[in-house]
$ cat input18.cif   # mmCIF, C-alpha atoms
data_query
#
loop_
_atom_site.label_atom_id
_atom_site.label_comp_id
_atom_site.auth_asym_id
_atom_site.auth_seq_id
_atom_site.Cartn_x
_atom_site.Cartn_y
_atom_site.Cartn_z
CA MET V 8 90.54 58.17 131.60
CA SER V 9 88.76 60.76 129.43
CA ALA V 10 84.97 60.59 129.32
CA ILE V 11 83.77 59.16 126.01
CA THR V 12 80.78 61.16 124.79
CA ALA V 13 78.15 60.32 122.21
CA GLN V 14 79.51 63.16 120.11
CA ASP V 15 82.99 61.62 120.15
CA ILE V 16 81.61 58.26 119.07
CA ASN V 17 79.54 59.81 116.28
CA LYS V 18 82.53 61.82 115.05
CA LEU V 19 84.65 58.68 114.81
CA ARG V 20 81.80 56.80 113.16
CA GLN V 21 81.40 59.52 110.54
CA ALA V 22 85.14 59.60 109.88
CA THR V 23 85.63 55.85 109.58
CA GLY V 24 82.26 54.32 108.76
CA ALA V 25 82.81 51.82 111.56
CA GLY V 26 79.93 50.62 113.74
CA MET V 27 78.85 52.48 116.86
CA MET V 28 80.04 49.81 119.29
CA ASP V 29 83.37 49.45 117.49
CA CYS V 30 83.89 53.21 117.70
CA ARG V 31 83.06 53.25 121.41
CA LYS V 32 85.54 50.43 122.07
CA ALA V 33 88.23 52.11 119.94
CA LEU V 34 87.93 55.36 121.90
CA THR V 35 87.86 53.50 125.20
CA GLU V 36 90.98 51.49 124.30
CA THR V 37 92.85 54.66 123.26
CA ASN V 38 91.67 56.89 126.12
CA GLY V 39 89.68 59.10 123.78
CA ASP V 40 92.58 59.84 121.38
CA PHE V 41 90.81 60.31 118.03
CA GLU V 42 93.78 59.57 115.75
CA ALA V 43 94.86 56.62 117.88
CA ALA V 44 91.29 55.31 117.74
CA ILE V 45 91.40 55.39 113.94
CA ASP V 46 94.66 53.44 114.04
CA TRP V 47 93.10 51.00 116.49
CA LEU V 48 90.20 50.37 114.10
CA ARG V 49 92.62 49.80 111.23
CA LYS V 50 94.54 47.30 113.30
CA GLN V 51 91.29 45.58 114.19
CA GLY V 52 90.48 45.47 110.51
CA GLN V 53 93.71 43.62 109.84
CA LYS V 54 92.92 41.14 112.61
CA VAL V 55 89.41 40.65 111.28
CA ALA V 56 90.83 40.01 107.83
CA ALA V 57 93.06 37.30 109.26
CA LYS V 58 90.21 35.71 111.19
CA ARG V 59 87.99 35.78 108.13
CA SER V 60 90.56 34.25 105.78
CA ASP V 61 88.51 31.07 105.55
CA ARG V 62 85.35 32.90 104.49
CA GLU V 63 84.58 33.04 100.79
CA ALA V 64 84.13 36.35 98.98
CA LYS V 65 81.89 35.42 96.07
CA GLU V 66 80.34 38.84 95.69
CA GLY V 67 81.94 42.14 94.81
CA VAL V 68 82.58 44.62 92.03
CA ILE V 69 84.75 44.07 88.96
CA ILE V 70 85.99 47.03 86.93
CA ALA V 71 87.69 46.56 83.55
CA GLN V 72 89.16 49.57 81.81
CA THR V 73 92.09 50.70 79.71
CA SER V 74 94.66 53.45 79.69
CA ALA V 75 93.93 56.53 77.57
CA ASP V 76 96.06 55.18 74.70
CA ASN V 77 94.36 51.74 74.86
CA LYS V 78 97.71 50.01 75.14
CA THR V 79 97.22 48.70 78.68
CA GLY V 80 94.14 47.16 80.24
CA PHE V 81 93.35 46.53 83.89
CA VAL V 82 90.79 44.35 85.63
CA VAL V 83 90.36 45.23 89.30
CA CYS V 84 88.13 43.02 91.45
CA ILE V 85 87.13 44.23 94.90
CA SER V 86 85.36 41.23 96.40
CA CYS V 87 83.12 41.02 99.44
CA GLU V 88 80.79 38.45 101.01
CA THR V 89 77.24 39.62 100.27
CA ASP V 90 75.36 41.15 97.37
CA PHE V 91 73.87 43.63 99.85
CA VAL V 92 77.32 45.24 99.97
CA SER V 93 78.34 44.69 96.34
CA LYS V 94 75.17 46.33 94.98
CA ASN V 95 75.58 49.39 97.17
CA ALA V 96 76.39 52.48 95.10
CA GLU V 97 79.00 53.58 97.63
CA PHE V 98 80.85 50.27 97.34
CA VAL V 99 80.75 50.45 93.52
CA ALA V 100 82.23 53.96 93.70
CA PHE V 101 84.85 52.67 96.14
CA ALA V 102 85.87 49.95 93.66
CA GLN V 103 85.89 52.43 90.78
CA SER V 104 88.23 54.77 92.67
CA ILE V 105 90.71 51.92 93.17
CA ALA V 106 90.46 50.90 89.50
CA ASP V 107 91.06 54.52 88.45
CA ALA V 108 94.13 54.58 90.70
CA ALA V 109 95.42 51.36 89.10
CA VAL V 110 95.19 52.96 85.66
CA ALA V 111 96.58 56.35 86.71
CA ASN V 112 99.58 54.76 88.43
CA ASN V 113 100.15 52.05 85.81
CA VAL V 114 100.42 49.36 88.50
CA LYS V 115 101.63 45.89 87.67
CA THR V 116 100.87 43.98 90.88
CA VAL V 117 98.41 43.97 93.76
CA ASP V 118 101.25 45.03 96.08
CA GLU V 119 101.88 48.09 93.91
CA LEU V 120 98.17 48.87 93.92
CA ASN V 121 97.94 48.54 97.71
CA ALA V 122 100.76 51.08 98.08
CA VAL V 123 99.07 53.69 95.85
CA SER V 124 97.79 56.75 97.70
CA ILE V 125 94.30 58.15 97.02
CA ASN V 126 93.70 61.54 98.65
CA GLY V 127 96.44 60.85 101.17
CA THR V 128 95.36 57.31 102.10
CA THR V 129 96.89 54.14 100.70
CA VAL V 130 94.64 51.60 99.02
CA ALA V 131 95.65 49.06 101.69
CA ASP V 132 94.40 51.40 104.43
CA MET V 133 91.25 52.15 102.44
CA ILE V 134 90.55 48.42 102.28
CA ASN V 135 91.08 48.03 106.03
CA ASP V 136 88.83 51.01 106.74
CA LYS V 137 86.11 49.60 104.52
CA LEU V 138 86.46 46.17 106.14
CA ALA V 139 86.02 47.75 109.57
CA SER V 140 82.94 49.64 108.45
CA ILE V 141 81.07 46.83 106.71
CA GLY V 142 82.32 43.84 108.72
CA GLU V 143 82.94 41.66 105.66
CA LYS V 144 86.04 40.11 104.19
CA ILE V 145 87.38 42.23 101.32
CA ALA V 146 89.98 41.05 98.82
CA VAL V 147 91.68 42.76 95.89
CA LYS V 148 92.58 41.05 92.62
CA LEU V 149 94.37 42.62 89.67
CA GLU V 150 94.89 41.42 86.10
CA ARG V 151 96.66 43.33 83.36
CA VAL V 152 97.11 43.08 79.59
CA ASP V 153 99.65 45.02 77.52
CA ALA V 154 99.30 45.08 73.73
CA PRO V 155 99.30 47.48 70.77
CA PHE V 156 95.53 47.74 71.36
CA VAL V 157 93.49 46.54 74.35
CA SER V 158 89.70 46.33 74.60
CA SER V 159 87.87 46.11 77.92
CA TYR V 160 84.38 44.88 78.75
CA ILE V 161 82.31 44.73 81.93
CA HIS V 162 79.49 42.18 81.98
CA GLY V 163 76.52 41.63 84.27
CA SER V 164 76.43 44.61 86.64
CA TYR V 165 80.14 44.52 87.48
CA ARG V 166 80.20 40.72 87.92
CA MET V 167 82.73 39.98 85.18
CA GLY V 168 85.56 41.84 83.50
CA VAL V 169 87.36 40.96 80.26
CA LEU V 170 90.47 42.34 78.58
CA VAL V 171 91.54 41.44 75.03
CA GLY V 172 94.90 42.32 73.51
CA LEU V 173 95.15 42.82 69.75
CA SER V 174 98.12 43.41 67.45
CA THR V 175 96.47 46.51 65.96
CA GLU V 176 93.62 48.87 66.70
CA ALA V 177 90.22 47.28 66.02
CA ALA V 178 87.68 48.51 68.57
CA ASP V 179 84.61 46.72 67.20
CA LEU V 180 86.50 43.43 66.90
CA GLY V 181 87.84 43.84 70.41
CA LYS V 182 84.33 44.29 71.77
CA ASP V 183 83.07 41.22 69.88
CA LEU V 184 85.94 39.11 71.19
CA ALA V 185 85.46 40.32 74.76
CA MET V 186 81.78 39.35 74.62
CA GLN V 187 82.74 35.95 73.18
CA ILE V 188 85.20 35.38 76.02
CA ALA V 189 82.63 36.44 78.60
CA ALA V 190 80.05 34.01 77.19
CA MET V 191 82.21 30.99 76.30
CA ASN V 192 85.09 31.19 78.80
CA PRO V 193 87.89 29.78 76.60
CA VAL V 194 91.04 28.50 78.29
CA ALA V 195 93.49 30.07 75.82
CA VAL V 196 93.75 31.98 72.53
CA ASP V 197 94.59 28.88 70.47
CA ALA V 198 95.85 25.31 70.82
CA ASP V 199 99.48 26.43 71.02
CA SER V 200 98.61 28.71 73.94
CA VAL V 201 97.08 25.99 76.12
CA PRO V 202 99.47 25.18 78.99
CA ALA V 203 101.14 21.78 78.60
CA GLU V 204 99.90 20.69 82.02
CA THR V 205 96.31 21.40 80.98
CA VAL V 206 96.69 19.27 77.86
CA ALA V 207 98.34 16.48 79.85
CA ARG V 208 95.54 16.53 82.42
CA GLU V 209 92.84 16.38 79.74
CA ARG V 210 94.63 13.54 77.94
CA ALA V 211 94.96 11.54 81.17
CA ILE V 212 91.27 12.00 81.98
CA ILE V 213 90.25 10.94 78.48
CA ILE V 214 92.47 7.84 78.47
CA ASP V 215 91.43 6.75 81.97
CA THR V 216 87.77 7.19 81.05
CA MET V 217 88.15 5.07 77.92
CA LYS V 218 89.98 2.33 79.79
CA GLU V 219 87.07 2.07 82.22
CA ASP V 220 84.57 1.80 79.37
CA PRO V 221 83.58 -1.88 78.82
CA LYS V 222 83.33 -1.19 75.08
CA MET V 223 87.05 -0.41 75.01
CA ALA V 224 88.10 -3.57 76.86
CA GLY V 225 90.90 -5.36 75.05
CA LYS V 226 91.53 -2.52 72.62
CA PRO V 227 95.21 -1.91 71.81
CA GLU V 228 96.96 0.98 73.53
CA GLU V 229 97.72 2.48 70.12
CA MET V 230 94.01 2.68 69.27
CA ILE V 231 93.17 4.24 72.63
CA ALA V 232 95.94 6.80 72.17
CA LYS V 233 94.69 7.68 68.67
CA ILE V 234 91.11 8.15 69.88
CA ALA V 235 92.42 10.25 72.77
CA GLU V 236 94.20 12.58 70.35
CA GLY V 237 90.94 13.01 68.45
CA LYS V 238 89.21 13.97 71.68
CA ILE V 239 92.01 16.39 72.50
CA ALA V 240 91.45 18.04 69.11
CA ALA V 241 87.77 18.37 70.01
CA PHE V 242 88.79 19.92 73.34
CA PHE V 243 90.89 22.54 71.52
CA LYS V 244 87.96 23.34 69.23
CA GLU V 245 85.57 23.86 72.13
CA GLN V 246 87.92 25.49 74.62
CA THR V 247 90.24 27.78 72.64
CA LEU V 248 89.06 31.19 71.51
CA LEU V 249 89.97 31.19 67.83
CA ALA V 250 88.60 27.67 67.23
CA GLN V 251 85.25 28.31 68.92
CA SER V 252 82.10 29.01 66.93
CA PHE V 253 81.53 32.75 66.80
CA VAL V 254 78.57 33.54 69.06
CA LYS V 255 77.28 36.28 66.74
CA ASP V 256 77.46 34.03 63.66
CA GLY V 257 77.65 30.29 64.26
CA SER V 258 78.50 29.61 60.62
CA LYS V 259 82.11 30.61 61.22
CA THR V 260 84.78 30.37 63.88
CA VAL V 261 86.16 33.25 65.87
CA GLY V 262 89.39 32.88 63.92
CA ASP V 263 87.48 33.25 60.65
CA HIS V 264 85.84 36.40 61.97
CA VAL V 265 89.18 37.90 63.00
CA LYS V 266 90.58 37.24 59.51
CA SER V 267 87.53 38.84 57.91
CA VAL V 268 88.25 42.03 59.83
CA GLY V 269 91.97 42.03 59.04
CA ALA V 270 94.14 39.24 57.70
CA ASP V 271 97.12 40.35 59.78
CA ILE V 272 95.30 40.96 63.08
CA LYS V 273 96.46 38.75 65.94
CA VAL V 274 94.88 38.15 69.31
CA THR V 275 97.85 38.42 71.68
CA GLU V 276 96.18 37.44 74.97
CA PHE V 277 93.09 37.87 77.11
CA LYS V 278 92.08 37.95 80.76
CA ARG V 279 88.67 37.04 82.19
CA VAL V 280 87.78 37.64 85.84
CA ALA V 281 84.38 36.63 87.22
CA LEU V 282 82.71 36.51 90.63
CA GLY V 283 81.43 33.31 92.16
#
$ encode --input "input18.cif" --output "structure tokens"
Amino acid sequence: MSAITAQDINKLRQATGAGMMDCRKALTETNGDFEAAIDWLRKQGQKVAAKRSDREAKEGVIIAQTSADNKTGFVVCISCETDFVSKNAEFVAFAQSIADAAVANNVKTVDELNAVSINGTTVADMINDKLASIGEKIAVKLERVDAPFVSSYIHGSYRMGVLVGLSTEAADLGKDLAMQIAAMNPVAVDADSVPAETVARERAIIIDTMKEDPKMAGKPEEMIAKIAEGKIAAFFKEQTLLAQSFVKDGSKTVGDHVKSVGADIKVTEFKRVALG
């Protein structure tokens, strides 16, 4: 077996960012073969990821940005376990490089993003290398919006990313809507966009709650159903983007604000990704 020197360990540590003891073990396991030791660390990273699958990654960095023509938006979330890591400038730059690669390669899925090569290394291998070096679970999430015009917004030191698709170019409106979505977290653009299962769940909760209320005892089913529909309407007003009160001017709804900017402007969709 080749003698493992301090210089060998330091070289591997500098190349991979892995801990000193991990580098020593990698070189020992591979009989001092530098390239094989790097592969060994990557394989260990994959094993660590599997072992850590039950650990939550509530910290991280979220990057939201658009293509040069503003027709496609991407939110890339690189999550980790501690804010010590997420607030590190090197980790932020790491996340930004992956987001830039998502935009440059016009990826549509996380699998596509993982296969992208950055300076000769795939994103998947970059993730495994980073996992080995910091010892925390790392996960990648990707959201995408395609529209005639897409606005992006990053809120709270990379803790939230928002994309808004519009039917025509309106940069200021897009920014206002993105900030609204960040603050109020609507479930859909409008009532028609709310998934049927969401509406059904809300209706069931409302009806069950009323039936347990002593004040509603003996009330006809028709009355309960009518009251439930009124509460559903209130849900749409509070939880859908266009029906919400506009945060910058509570005297009007978001829908009213959109119409004031352009009568024909439509909000096509939005995505909101947040840590925690």
$ residues_near_point --input "input18.cif" --point "(94.6, 42.5, 59.5)" --cutoff "12 Å" --atoms "only C-alpha atoms" --output "short mmCIF file (atom, residue, chain, number, x, y, z; two decimals) with C-alpha atoms, in the coordinates of the input"
data_model
loop_
_atom_site.label_atom_id
_atom_site.label_comp_id
_atom_site.auth_asym_id
_atom_site.auth_seq_id
_atom_site.Cartn_x
_atom_site.Cartn_y
_atom_site.Cartn_z
CA LEU V 173 95.15 42.82 69.75
CA SER V 174 98.12 43.41 67.45
CA THR V 175 96.47 46.51 65.96
CA GLU V 176 93.62 48.87 66.70
CA ALA V 177 90.22 47.28 66.02
CA LEU V 180 86.50 43.43 66.90
CA GLY V 262 89.39 32.88 63.92
CA ASP V 263 87.48 33.25 60.65
CA HIS V 264 85.84 36.40 61.97
CA VAL V 265 89.18 37.90 63.00
CA LYS V 266 90.58 37.24 59.51
CA SER V 267 87.53 38.84 57.91
CA VAL V 268 88.25 42.03 59.83
CA GLY V 269 91.97 42.03 59.04
CA ALA V 270 94.14 39.24 57.70
CA ASP V 271 97.12 40.35 59.78
CA ILE V 272 95.30 40.96 63.08
CA LYS V 273 96.46 38.75 65.94
CA VAL V 274 94.88 38.15 69.31
#
$ resolve_selection --input "input18.cif" --expression "the PyMOL selection byres ((chain V and resi 217) around 12)" --output "short mmCIF file (atom, residue, chain, number, x, y, z; two decimals) with C-alpha atoms, in the coordinates of the input"
data_model
loop_
_atom_site.label_atom_id
_atom_site.label_comp_id
_atom_site.auth_asym_id
_atom_site.auth_seq_id
_atom_site.Cartn_x
_atom_site.Cartn_y
_atom_site.Cartn_z
CA ARG V 210 94.63 13.54 77.94
CA ALA V 211 94.96 11.54 81.17
CA ILE V 212 91.27 12.00 81.98
CA ILE V 213 90.25 10.94 78.48
CA ILE V 214 92.47 7.84 78.47
CA ASP V 215 91.43 6.75 81.97
CA THR V 216 87.77 7.19 81.05
CA LYS V 218 89.98 2.33 79.79
CA GLU V 219 87.07 2.07 82.22
CA ASP V 220 84.57 1.80 79.37
CA PRO V 221 83.58 -1.88 78.82
CA LYS V 222 83.33 -1.19 75.08
CA MET V 223 87.05 -0.41 75.01
CA ALA V 224 88.10 -3.57 76.86
CA GLY V 225 90.90 -5.36 75.05
CA LYS V 226 91.53 -2.52 72.62
CA PRO V 227 95.21 -1.91 71.81
CA GLU V 228 96.96 0.98 73.53
CA MET V 230 94.01 2.68 69.27
CA ILE V 231 93.17 4.24 72.63
CA ALA V 232 95.94 6.80 72.17
CA LYS V 233 94.69 7.68 68.67
CA ILE V 234 91.11 8.15 69.88
CA ALA V 235 92.42 10.25 72.77
CA LYS V 238 89.21 13.97 71.68
#
$ closest_residue --input "input18.cif" --among "V:Glu150, V:Asp76, V:Glu119, V:Asp46" --to "Asp136 of chain V" --atoms "only C-alpha atoms"
V:Asp46
$ closest_residue --input "input18.cif" --among "V:Tyr160, V:Phe41, V:Phe81, V:Phe253" --to "Val117 of chain V" --atoms "only C-alpha atoms"
V:Phe81
$ axis_aligned_box --input "input18.cif" --around "segment 104-116 of chain V" --padding-each-side "5 Å" --output "AutoDock Vina command-line options"
--center_x 94.9 --center_y 50.2 --center_z 89.4 --size_x 23.4 --size_y 22.4 --size_z 17.5
$ atom_distance --input "input18.cif" --atom1 "atom CA of Arg31 of chain V" --atom2 "atom CA of Ala43 of chain V"
12.8 Å
$ residues_around --input "input18.cif" --residues "Asn95 of chain V" --least-positions-apart "2" --cutoff "12 Å" --atoms "all atoms listed in the file" --output "short mmCIF file (atom, residue, chain, number, x, y, z; two decimals) with C-alpha atoms, in the coordinates of the input"
data_model
loop_
_atom_site.label_atom_id
_atom_site.label_comp_id
_atom_site.auth_asym_id
_atom_site.auth_seq_id
_atom_site.Cartn_x
_atom_site.Cartn_y
_atom_site.Cartn_z
CA GLU V 66 80.34 38.84 95.69
CA GLY V 67 81.94 42.14 94.81
CA VAL V 68 82.58 44.62 92.03
CA CYS V 87 83.12 41.02 99.44
CA THR V 89 77.24 39.62 100.27
CA ASP V 90 75.36 41.15 97.37
CA PHE V 91 73.87 43.63 99.85
CA VAL V 92 77.32 45.24 99.97
CA SER V 93 78.34 44.69 96.34
CA GLU V 97 79.00 53.58 97.63
CA PHE V 98 80.85 50.27 97.34
CA VAL V 99 80.75 50.45 93.52
CA ALA V 100 82.23 53.96 93.70
CA PHE V 101 84.85 52.67 96.14
CA ALA V 102 85.87 49.95 93.66
CA ILE V 141 81.07 46.83 106.71
CA SER V 164 76.43 44.61 86.64
CA TYR V 165 80.14 44.52 87.48
#
$ residues_around --input "input18.cif" --residues "segment 69-73 of chain V" --least-positions-apart "3" --cutoff "10 Å" --atoms "all atoms listed in the file" --output "number ranges by chain"
V: 66, 76-86, 93, 99, 102-107, 109-110, 147-153, 156-170, 279-282
$ atom_distance --input "input18.cif" --atom1 "atom CA of Glu42 of chain V" --atom2 "atom CA of Arg20 of chain V"
12.6 Å
